[in-house]
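**Q** So here's data-v9.txt, just compact mmCIF, C-alpha atoms:
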```
# COMPACT_ATOMS: atom_id res chain seq x y z
CA MET H 1466 116.43 89.96 111.92
CA ILE H 1467 114.42 92.63 110.11
CA ASN H 1468 111.30 91.28 108.42
CA LEU H 1469 110.25 93.46 105.49
CA GLU H 1470 107.22 91.39 104.54
CA LEU H 1471 103.96 93.31 104.69
CA PRO H 1472 101.60 92.22 107.47
CA ARG H 1473 98.28 90.68 106.44
CA LYS H 1474 96.23 93.84 106.99
CA LEU H 1475 98.52 95.95 104.79
CA ARG H 1476 98.64 93.24 102.12
CA ALA H 1477 94.85 93.19 101.94
CA GLY H 1478 94.67 96.97 101.48
CA ALA H 1479 97.47 96.91 98.91
CA ASN H 1480 95.72 94.18 96.91
CA GLN H 1481 92.50 96.19 96.85
CA ALA H 1482 94.37 99.34 95.81
CA HIS H 1483 96.12 97.39 93.05
CA GLN H 1484 92.78 96.16 91.73
CA VAL H 1485 91.55 99.76 91.61
CA ALA H 1486 94.71 100.75 89.73
CA ALA H 1487 94.53 97.88 87.26
CA GLU H 1488 90.79 97.84 86.61
CA ILE H 1489 89.77 101.50 86.90
CA MET H 1490 92.83 103.69 86.44
CA ARG H 1491 95.02 102.00 83.81
CA PRO H 1492 92.19 101.60 81.25
CA VAL H 1493 91.42 105.35 81.28
CA SER H 1494 94.95 106.63 81.93
CA ARG H 1495 95.62 107.77 78.37
CA LYS H 1496 92.07 109.10 77.96
CA TYR H 1497 92.50 111.70 80.69
CA ASP H 1498 96.09 112.46 79.74
CA LEU H 1499 94.73 113.64 76.38
CA ALA H 1500 91.64 115.33 77.88
CA GLU H 1501 93.29 117.73 80.32
CA HIS H 1502 90.96 119.27 82.93
CA ALA H 1503 88.17 116.81 82.09
CA TYR H 1504 86.79 115.36 85.31
CA PRO H 1505 87.47 111.59 85.55
CA VAL H 1506 83.90 110.43 86.14
CA GLU H 1507 85.10 106.84 86.53
CA LEU H 1508 86.46 107.80 89.95
CA ASP H 1509 83.00 108.68 91.22
CA THR H 1510 82.27 104.99 91.63
CA MET H 1511 85.18 104.80 94.04
CA ALA H 1512 83.95 107.43 96.50
CA ALA H 1513 81.49 105.23 98.41
CA MET H 1514 83.88 102.30 98.32
CA ILE H 1515 86.74 104.38 99.70
CA GLU H 1516 84.58 105.74 102.51
CA GLY H 1517 83.53 102.25 103.53
CA MET H 1518 87.07 100.89 103.36
CA THR H 1519 88.46 103.86 105.26
CA ASP H 1520 85.96 103.14 108.03
CA ALA H 1521 87.26 99.59 108.01
CA GLY H 1522 90.85 100.82 108.30
CA ASN H 1523 91.96 100.59 104.66
CA ASP H 1524 92.94 103.92 103.08
CA VAL H 1525 92.68 102.84 99.43
CA GLY H 1526 93.65 106.08 97.77
CA GLY H 1527 96.60 106.52 100.04
CA ALA H 1528 96.89 110.29 100.28
CA LYS H 1529 95.29 110.61 103.67
CA GLY H 1530 97.67 109.01 106.16
CA GLY H 1531 98.01 110.40 109.65
CA ARG H 1532 95.59 109.40 112.36
CA GLU H 1533 91.89 109.15 113.05
CA SER H 1534 90.03 110.71 115.95
CA GLY H 1535 90.44 108.67 119.11
CA GLU H 1536 93.21 106.52 117.60
CA PRO H 1537 95.26 104.97 120.44
CA LYS H 1538 98.90 105.90 120.84
CA PRO H 1539 101.37 103.18 119.86
CA SER H 1540 102.68 100.93 122.58
CA LYS H 1541 106.17 101.68 123.85
CA THR H 1542 107.09 98.01 123.46
CA ALA H 1543 105.43 97.15 120.15
CA ASN H 1544 105.88 98.33 116.57
CA ALA H 1545 102.94 100.08 114.96
CA ASN H 1546 101.94 100.08 111.32
CA GLY H 1547 99.16 102.62 111.19
CA GLY H 1548 97.66 105.20 108.87
CA ASN H 1549 100.94 106.45 107.40
CA MET H 1550 102.24 103.01 106.47
CA ALA H 1551 98.89 101.93 105.01
CA ALA H 1552 98.67 105.16 103.01
CA LEU H 1553 102.21 104.69 101.68
CA ILE H 1554 101.68 101.10 100.59
CA ASN H 1555 98.37 101.89 98.94
CA VAL H 1556 99.54 105.03 97.13
CA ILE H 1557 102.38 103.01 95.61
CA GLU H 1558 99.76 100.73 94.08
CA THR H 1559 97.41 103.45 92.83
CA CYS H 1560 100.29 105.41 91.29
CA TRP H 1561 101.38 102.22 89.56
CA GLY H 1562 98.03 102.77 87.87
CA ASP H 1563 98.13 106.54 87.32
CA VAL H 1564 99.58 109.43 89.32
CA GLY H 1565 97.16 112.08 88.06
CA LEU H 1566 94.12 109.92 88.76
CA THR H 1567 95.46 109.11 92.24
CA LEU H 1568 95.62 112.84 92.95
CA SER H 1569 92.00 113.08 91.77
CA ILE H 1570 90.52 110.38 94.01
CA PRO H 1571 87.64 111.92 95.99
CA TYR H 1572 88.28 112.49 99.71
CA GLN H 1573 91.98 111.59 99.46
CA GLY H 1574 93.61 115.02 98.98
CA LEU H 1575 97.00 116.10 100.31
CA GLY H 1576 95.18 118.48 102.63
CA ASN H 1577 93.81 115.44 104.44
CA SER H 1578 97.33 114.66 105.59
CA ALA H 1579 97.65 118.20 106.93
CA ILE H 1580 94.44 117.74 108.91
CA ALA H 1581 95.64 114.39 110.23
CA ALA H 1582 98.99 115.89 111.26
CA VAL H 1583 97.90 118.90 113.33
CA ALA H 1584 94.13 118.85 113.90
CA THR H 1585 92.62 118.47 117.35
CA ASP H 1586 90.38 115.49 118.09
CA GLU H 1587 87.33 117.72 117.73
CA GLN H 1588 88.55 118.93 114.33
CA LEU H 1589 89.20 115.37 113.23
CA GLU H 1590 85.57 114.61 113.97
CA ARG H 1591 84.47 117.52 111.76
CA PHE H 1592 87.04 117.29 108.97
CA GLY H 1593 88.02 113.63 109.03
CA LYS H 1594 85.96 112.73 105.97
CA VAL H 1595 86.21 115.83 103.80
CA TRP H 1596 88.14 116.06 100.52
CA ALA H 1597 90.89 118.58 101.30
CA SER H 1598 93.48 120.03 98.95
CA MET H 1599 96.46 121.99 100.29
CA ALA H 1600 97.30 125.60 99.38
CA ILE H 1601 100.79 126.80 100.32
CA THR H 1602 102.63 128.25 97.30
CA GLU H 1603 102.09 131.89 96.29
CA PRO H 1604 103.18 133.95 93.27
CA SER H 1605 105.90 135.63 95.35
CA PHE H 1606 107.64 132.43 96.49
CA GLY H 1607 108.14 128.79 95.60
CA SER H 1608 109.99 126.50 98.00
CA ASP H 1609 110.36 128.90 100.93
CA SER H 1610 107.24 128.04 102.93
CA ALA H 1611 108.19 130.60 105.57
CA ALA H 1612 107.54 133.40 103.05
CA VAL H 1613 103.76 133.01 103.20
CA SER H 1614 102.10 136.42 102.76
CA THR H 1615 98.43 135.42 102.73
CA THR H 1616 96.93 136.97 105.86
CA ALA H 1617 94.35 135.78 108.37
CA VAL H 1618 92.75 138.39 110.64
CA LEU H 1619 90.38 137.48 113.45
CA ASP H 1620 87.11 139.39 113.24
CA GLY H 1621 84.79 138.34 116.04
CA ASP H 1622 84.07 134.63 115.61
CA GLU H 1623 85.51 134.47 112.08
CA TRP H 1624 88.88 134.54 110.39
CA VAL H 1625 89.15 136.80 107.33
CA LEU H 1626 91.68 135.53 104.77
CA ASN H 1627 93.24 137.55 101.95
CA GLY H 1628 95.80 136.41 99.40
CA GLU H 1629 96.50 134.30 96.32
CA LYS H 1630 97.54 130.65 96.19
CA ILE H 1631 98.91 128.89 93.12
CA TYR H 1632 99.58 125.29 92.05
CA VAL H 1633 96.90 123.88 94.32
CA THR H 1634 96.42 120.20 93.49
CA ALA H 1635 92.69 119.33 93.24
CA GLY H 1636 92.05 123.00 93.99
CA GLU H 1637 88.86 123.13 91.95
CA ARG H 1638 87.41 119.71 92.75
CA SER H 1639 88.05 119.34 96.48
CA THR H 1640 85.36 120.17 99.04
CA HIS H 1641 87.81 121.97 101.37
CA ILE H 1642 91.22 123.66 101.09
CA VAL H 1643 93.87 123.75 103.81
CA VAL H 1644 95.30 127.26 103.43
CA TRP H 1645 98.56 128.45 104.98
CA ALA H 1646 98.33 132.05 106.15
CA THR H 1647 100.02 134.34 108.65
CA VAL H 1648 98.11 135.73 111.62
CA ASP H 1649 100.81 138.35 112.34
CA LYS H 1650 103.44 139.28 109.73
CA SER H 1651 105.58 141.03 112.35
CA LYS H 1652 106.22 137.71 114.12
CA GLY H 1653 107.62 135.93 111.08
CA ARG H 1654 107.26 132.22 110.45
CA ALA H 1655 105.98 131.52 113.97
CA ALA H 1656 102.70 133.21 113.02
CA ILE H 1657 102.03 130.94 110.02
CA LYS H 1658 99.00 128.74 110.63
CA SER H 1659 96.88 126.39 108.55
CA PHE H 1660 93.15 126.96 108.07
CA VAL H 1661 90.43 124.69 106.69
CA VAL H 1662 88.47 126.70 104.11
CA PRO H 1663 85.24 125.16 102.72
CA ARG H 1664 84.86 125.29 98.94
CA ASP H 1665 81.70 127.41 99.27
CA ALA H 1666 83.24 129.92 101.71
CA PRO H 1667 82.38 133.52 100.70
CA GLY H 1668 85.37 135.23 99.10
CA LEU H 1669 87.04 132.06 97.76
CA SER H 1670 87.29 131.68 93.97
CA VAL H 1671 89.26 129.78 91.32
CA ALA H 1672 91.28 132.19 89.16
CA ARG H 1673 92.45 129.61 86.59
CA LEU H 1674 93.49 126.02 85.96
CA GLU H 1675 97.08 125.36 84.91
CA HIS H 1676 98.18 123.50 81.77
CA LYS H 1677 100.94 121.06 82.74
CA LEU H 1678 103.63 118.71 81.42
CA GLY H 1679 102.18 115.70 83.24
CA ILE H 1680 99.51 114.53 85.74
CA LYS H 1681 96.98 116.08 83.37
CA ALA H 1682 94.08 114.16 84.95
CA SER H 1683 94.63 116.19 88.12
CA ASP H 1684 93.36 119.78 88.24
CA THR H 1685 95.96 122.30 89.43
CA ALA H 1686 94.35 125.60 90.36
CA ALA H 1687 95.19 129.18 91.27
CA LEU H 1688 92.92 130.38 94.09
CA LEU H 1689 91.96 133.89 95.20
CA LEU H 1690 90.99 134.70 98.79
CA ASP H 1691 89.24 138.06 98.88
CA ASN H 1692 87.97 138.78 102.39
CA CYS H 1693 87.23 135.07 102.66
CA ARG H 1694 85.44 134.31 105.92
CA ILE H 1695 85.64 131.02 107.83
CA PRO H 1696 84.66 130.04 111.40
CA LYS H 1697 87.15 130.79 114.16
CA ASP H 1698 87.64 127.12 115.03
CA ASN H 1699 88.70 126.23 111.46
CA LEU H 1700 92.27 127.12 112.40
CA LEU H 1701 94.06 123.77 112.70
CA GLY H 1702 95.79 123.07 115.98
CA SER H 1703 96.70 125.79 118.45
CA PRO H 1704 96.02 129.46 117.62
CA ASP H 1705 98.90 130.59 119.88
CA VAL H 1706 101.95 132.17 118.26
CA ASP H 1707 105.01 130.52 119.81
CA THR H 1708 108.15 132.30 118.60
CA ASP H 1709 110.37 129.68 120.25
CA LYS H 1710 108.70 126.79 118.44
CA GLY H 1711 108.46 128.64 115.13
CA PHE H 1712 106.06 127.08 112.66
CA ALA H 1713 106.98 123.50 113.46
CA GLY H 1714 103.30 122.70 113.87
CA VAL H 1715 102.30 123.37 110.29
CA MET H 1716 105.60 121.96 109.02
CA GLN H 1717 104.62 118.66 110.66
CA THR H 1718 102.36 118.27 107.64
CA PHE H 1719 105.38 117.56 105.44
CA ASP H 1720 106.57 114.77 107.73
CA ASN H 1721 103.37 112.97 106.74
CA THR H 1722 103.09 113.98 103.09
CA ARG H 1723 106.69 113.69 101.89
CA PRO H 1724 106.85 109.91 102.37
CA LEU H 1725 103.54 109.71 100.47
CA VAL H 1726 104.96 111.69 97.56
CA ALA H 1727 107.93 109.33 97.69
CA GLY H 1728 105.38 106.50 97.46
CA MET H 1729 103.84 108.11 94.37
CA ALA H 1730 107.27 108.19 92.73
CA ILE H 1731 107.96 104.59 93.74
CA GLY H 1732 104.65 103.48 92.22
CA VAL H 1733 105.11 105.07 88.80
CA ALA H 1734 108.77 103.99 88.71
CA ARG H 1735 107.74 100.39 89.38
CA ALA H 1736 105.26 100.58 86.51
CA ALA H 1737 108.04 101.74 84.18
CA LEU H 1738 110.42 99.02 85.39
CA GLU H 1739 107.84 96.30 84.81
CA GLU H 1740 107.08 97.56 81.29
CA LEU H 1741 110.78 97.91 80.50
CA ARG H 1742 111.56 94.40 81.69
CA SER H 1743 108.83 93.00 79.48
CA ILE H 1744 110.27 94.84 76.47
CA LEU H 1745 113.84 93.72 77.20
CA THR H 1746 112.82 90.11 77.76
CA GLU H 1747 110.88 90.07 74.48
CA ALA H 1748 113.98 91.46 72.76
CA GLY H 1749 116.07 88.59 74.13
CA VAL H 1750 117.97 90.57 76.78
CA ASP H 1751 118.99 88.26 79.63
CA ILE H 1752 118.83 89.94 83.05
CA ASP H 1753 121.06 87.69 85.18
CA TYR H 1754 121.37 88.80 88.80
CA ASP H 1755 124.12 86.28 89.53
CA ALA H 1756 126.44 87.38 86.73
CA PRO H 1757 129.04 90.12 87.28
CA THR H 1758 128.13 93.47 85.76
CA TYR H 1759 130.96 93.44 83.20
CA SER H 1760 129.59 90.26 81.63
CA LEU H 1761 126.07 91.65 81.13
CA SER H 1762 124.79 93.46 78.09
CA ALA H 1763 124.49 97.23 78.51
CA PRO H 1764 120.65 97.19 78.73
CA ALA H 1765 120.70 94.39 81.34
CA ALA H 1766 123.32 96.14 83.47
CA GLU H 1767 121.39 99.40 83.27
CA TYR H 1768 118.14 97.69 84.22
CA ILE H 1769 119.72 96.16 87.34
CA ARG H 1770 121.09 99.59 88.30
CA LEU H 1771 117.65 101.15 87.97
CA GLU H 1772 116.03 98.36 89.95
CA SER H 1773 118.51 98.69 92.81
CA ASP H 1774 117.92 102.44 92.88
CA TRP H 1775 114.17 101.76 93.13
CA GLU H 1776 114.70 99.34 96.00
CA ALA H 1777 116.68 101.95 97.96
CA ALA H 1778 113.90 104.51 97.50
CA TYR H 1779 111.27 101.99 98.60
CA LEU H 1780 113.13 101.10 101.81
CA LEU H 1781 113.69 104.76 102.71
CA ALA H 1782 109.97 105.48 102.31
CA LEU H 1783 109.03 102.49 104.47
CA ARG H 1784 111.30 103.74 107.21
CA ALA H 1785 109.90 107.29 107.14
CA ALA H 1786 106.30 106.07 107.28
CA TRP H 1787 107.05 103.58 110.06
CA MET H 1788 108.67 106.32 112.15
CA ALA H 1789 105.62 108.56 111.68
CA ASP H 1790 103.31 105.78 112.86
CA ASN H 1791 105.50 105.16 115.90
CA LYS H 1792 105.61 108.85 116.83
CA GLU H 1793 109.34 109.11 116.17
CA PRO H 1794 110.66 112.40 114.71
CA ASN H 1795 111.04 111.67 111.01
CA SER H 1796 111.75 115.02 109.37
CA LEU H 1797 115.19 113.83 108.19
CA GLN H 1798 113.89 110.49 106.95
CA ALA H 1799 110.85 112.07 105.26
CA SER H 1800 113.11 114.40 103.28
CA MET H 1801 115.57 111.62 102.49
CA SER H 1802 112.82 109.39 101.14
CA LYS H 1803 111.26 112.18 99.09
CA ALA H 1804 114.61 113.28 97.63
CA LYS H 1805 115.70 109.76 96.74
CA ALA H 1806 112.37 108.62 95.30
CA GLY H 1807 111.75 111.81 93.32
CA ARG H 1808 115.17 111.72 91.69
CA SER H 1809 115.03 107.96 91.09
CA ALA H 1810 111.59 108.04 89.48
CA SER H 1811 112.67 110.67 86.97
CA ASP H 1812 115.81 108.70 86.17
CA ILE H 1813 114.00 105.35 85.89
CA THR H 1814 111.12 106.54 83.74
CA LEU H 1815 113.29 108.55 81.36
CA LYS H 1816 115.79 105.70 81.03
CA ALA H 1817 112.91 103.33 80.31
CA VAL H 1818 111.83 105.60 77.44
CA GLU H 1819 115.41 105.64 76.16
CA LEU H 1820 115.96 101.88 76.32
CA ALA H 1821 112.60 101.18 74.68
CA GLY H 1822 113.61 103.34 71.72
CA SER H 1823 110.94 104.67 69.37
CA LEU H 1824 108.33 102.48 71.08
CA GLY H 1825 109.04 104.19 74.39
CA TYR H 1826 108.80 107.66 72.89
CA SER H 1827 105.50 106.96 71.15
CA GLN H 1828 102.02 106.84 72.65
CA HIS H 1829 101.65 103.13 71.90
CA LEU H 1830 102.78 102.54 75.49
CA LEU H 1831 102.45 104.60 78.66
CA LEU H 1832 106.22 104.93 79.15
CA GLU H 1833 106.42 108.48 77.81
CA LYS H 1834 103.45 109.49 79.96
CA TRP H 1835 105.04 108.07 83.08
CA ALA H 1836 108.22 110.00 82.31
CA ARG H 1837 106.19 113.23 82.16
CA ASP H 1838 104.14 112.40 85.23
CA SER H 1839 107.17 111.54 87.35
CA LYS H 1840 108.83 114.96 87.07
CA ILE H 1841 106.36 116.71 89.36
CA LEU H 1842 107.16 114.19 92.11
CA ASP H 1843 110.67 115.64 92.30
CA ILE H 1844 109.23 119.16 92.58
CA PHE H 1845 106.07 119.50 94.65
CA GLU H 1846 106.02 119.06 98.45
CA GLY H 1847 109.53 120.55 98.39
CA THR H 1848 111.96 120.38 95.47
CA GLN H 1849 114.97 118.06 95.24
CA GLN H 1850 117.22 120.95 96.24
CA ILE H 1851 115.11 121.81 99.29
CA GLN H 1852 115.12 118.18 100.45
CA GLN H 1853 118.91 118.03 100.18
CA LEU H 1854 119.16 121.27 102.15
CA ILE H 1855 116.93 119.88 104.91
CA VAL H 1856 118.94 116.65 105.03
CA ALA H 1857 122.20 118.61 105.26
CA ARG H 1858 120.85 120.73 108.13
CA ARG H 1859 119.73 117.66 110.07
CA VAL H 1860 122.93 115.74 109.50
CA LEU H 1861 125.21 118.70 110.33
CA GLY H 1862 123.05 119.95 113.21
CA LEU H 1863 122.64 123.41 111.69
CA THR H 1864 119.63 125.73 111.69
CA SER H 1865 117.96 127.23 108.65
CA ALA H 1866 119.69 130.54 109.50
CA GLN H 1867 123.09 128.85 109.58
CA LEU H 1868 122.70 126.87 106.34
CA LYS H 1869 120.72 128.49 103.54
```
Starting from the file, give its structure as C-alpha cells.
**A**
Amino acid sequence: MINLELPRKLRAGANQAHQVAAEIMRPVSRKYDLAEHAYPVELDTMAAMIEGMTDAGNDVGGAKGGRESGEPKPSKTANANGGNMAALINVIETCWGDVGLTLSIPYQGLGNSAIAAVATDEQLERFGKVWASMAITEPSFGSDSAAVSTTAVLDGDEWVLNGEKIYVTAGERSTHIVVWATVDKSKGRAAIKSFVVPRDAPGLSVARLEHKLGIKASDTAALLLDNCRIPKDNLLGSPDVDTDKGFAGVMQTFDNTRPLVAGMAIGVARAALEELRSILTEAGVDIDYDAPTYSLSAPAAEYIRLESDWEAAYLLALRAAWMADNKEPNSLQASMSKAKAGRSASDITLKAVELAGSLGYSQHLLLEKWARDSKILDIFEGTQQIQQLIVARRVLGLTSAQLK
C-alpha cells in the first residue's frame, strides 16, 4: 500500500509555512500587487526565522531544495524525504499565500537550487546560506538554454564574464546571481557552466526592472555583465568541458527547480479552489462527490473536474521531488510535474474567475490576481511546450537532435 500522508517532520514545516502565508503574506498580497517594484519590508522579519529553521532542517520558503554540505546519501533500503520534498511541501503553502512574495523571500532564491544541485561540498559551505537568483535567459533566446552566448574567460585566478541576462527573478534584491555562461563557444553546449556572481562584483549592473502581468511583488531584472570579475573557484561543479556528457551538469538544476515551480502552481491553484468552493457553497451549489456527473449542476461538475486536475498535478510533483531526494533520475518526472501543474493552475484560476462572475473579475477578492500570477508558472523554468518536448524525448527514447 502507498501511504501519501506527510510524515511528522514535513507536516511541522508545512504548518509553519502556512502560518507565514496566512499571517504575513495574505494580508499584504494586494498591497504589493498594486505597488510594483516596492520592496516587501514585511519579509525582512522572516529572514532570521528562516535561517534558524533552515538550520533545524525546515526550509520554510521552499525555493532552496537540494542538499546541504555533508548530507548523508539515502539508504539503499529506505525511502528518503529530504530537502527537495520539504521544499516542495513548503512552497505549496507559501504560494497559497502569494507567489510573488514567495519569490521575494530572502535567502530562498531559485539560484539556491542550482547551488544545491551541482556545487561541491566546499562550495556548499561558502554559498549554502546566500540569497541566489538564477540568470539564464538572454535577449537572443528564450527556451533554448543551449544557446547561451554570455562568455566566461579565465584570466589568472579570476573568471571574466561578459553578456546580458534578462528576466532574472529577484535579480536586483538577491545577494548573489547564478549565471550561465560558456567557457568555449566552439565546443557548444558542453562548455556551458554556471557561476556564482556576488551582487557587488565589479562589472555587474542592473539595466532595468520589468513591468509584468503578475507576481508584481517580485522584482524581475535585466542584468549587464561588463568584464565582470569573480574568483576562479566560483564556477559551480567541475570546470572540465566534457563533450560526451554535454551540459547535463548545469541542466541538473532544472531537475530540482521544476518540481518546485510545479509546487508554486499547486499552491496558488489550491488557494483559488478554496475561494471558489466558498463562493459556490454560499450560492447554494451542492458539490456531491458520490453523485454521477450528469446529475450535478454545471458549476459543481466543473469544480470537481478542476479539483481532480489539481490532485493529479500534486501527485506528479510529489513523485518528482521524492525521486530527487532518493537520487533517482527524475528529468522526465520533473518535466511532467511542471507541465501538468503549470497548465492546471492557469486553467483552475481562470475558471475560478469565470465561475465567480463579476466578483471574481473585481479586486474585492484575490481571484483575479491569482489568475494573473499563475500564468508565469506555465512559462518560466521552461515553457509548457518545452516540457512536452522533453517528455516526448524521454518517452520515445530520442535525443534533442532527433526530436526538435
**Q** Using only C-alpha atoms, which protein or nucleic acid residues come within 7 Å of region 1834-1845 of chain H? Drop anything in the same chain fewer than 6 positions from it, and give the result as a list in words.
**A**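 These residues fall inside the cut-off: Val1564, Leu1678, Gly1679, Ile1680, Val1726, Ala1730, Val1733, Gly1807, Arg1808, Ala1810, Ser1811, Thr1814 and Leu1815 of chain H.
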**Q** Print the selection's residues with C-alpha atoms to a file, as a PDB file, keeping the file's coordinate frame.
**A**
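To be explicit, this is the file written out as result-v2.pdb:
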```pdb
ATOM      1  CA  VAL H1564      99.580 109.430  89.320  1.00  0.00           C
ATOM      2  CA  LEU H1678     103.630 118.710  81.420  1.00  0.00           C
ATOM      3  CA  GLY H1679     102.180 115.700  83.240  1.00  0.00           C
ATOM      4  CA  ILE H1680      99.510 114.530  85.740  1.00  0.00           C
ATOM      5  CA  VAL H1726     104.960 111.690  97.560  1.00  0.00           C
ATOM      6  CA  ALA H1730     107.270 108.190  92.730  1.00  0.00           C
ATOM      7  CA  VAL H1733     105.110 105.070  88.800  1.00  0.00           C
ATOM      8  CA  GLY H1807     111.750 111.810  93.320  1.00  0.00           C
ATOM      9  CA  ARG H1808     115.170 111.720  91.690  1.00  0.00           C
ATOM     10  CA  ALA H1810     111.590 108.040  89.480  1.00  0.00           C
ATOM     11  CA  SER H1811     112.670 110.670  86.970  1.00  0.00           C
ATOM     12  CA  THR H1814     111.120 106.540  83.740  1.00  0.00           C
ATOM     13  CA  LEU H1815     113.290 108.550  81.360  1.00  0.00           C
TER      14      LEU H1815
END
```
**Q** For a quick check of understanding, using all atoms listed in the file, which of H:Tyr1632, H:Phe1719, H:Tyr1826, H:Trp1624 has the smallest distance to Asn1692 (chain H)?
**A**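 Going through H:Tyr1632, H:Phe1719, H:Tyr1826, H:Trp1624 one by one, the smallest distance to Asn1692 (chain H) is for H:Trp1624.
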**Q** What's the 10 Å shell around Ala1672 (chain H), counting all atoms listed in the file, without same-chain residues fewer than 2 positions away, as an MDAnalysis selection string?
**A** chainID H and resid 1629:1631 1637 1669:1670 1674:1675 1686:1690
**Q** Restricting the calculation to all atoms listed in the file: of H:Pro1505, H:Gly1749, H:Gly1547, H:Gly1636, which residue gets closest to Gly1565 (chain H)?
**A**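 Nearest to Gly1565 (chain H): H:Pro1505.
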**Q** Could you jot down the CA of Val1556 (chain H) to CA of Asp1684 (chain H) separation for me, Å, one decimal place?
**A** 18.3 Å
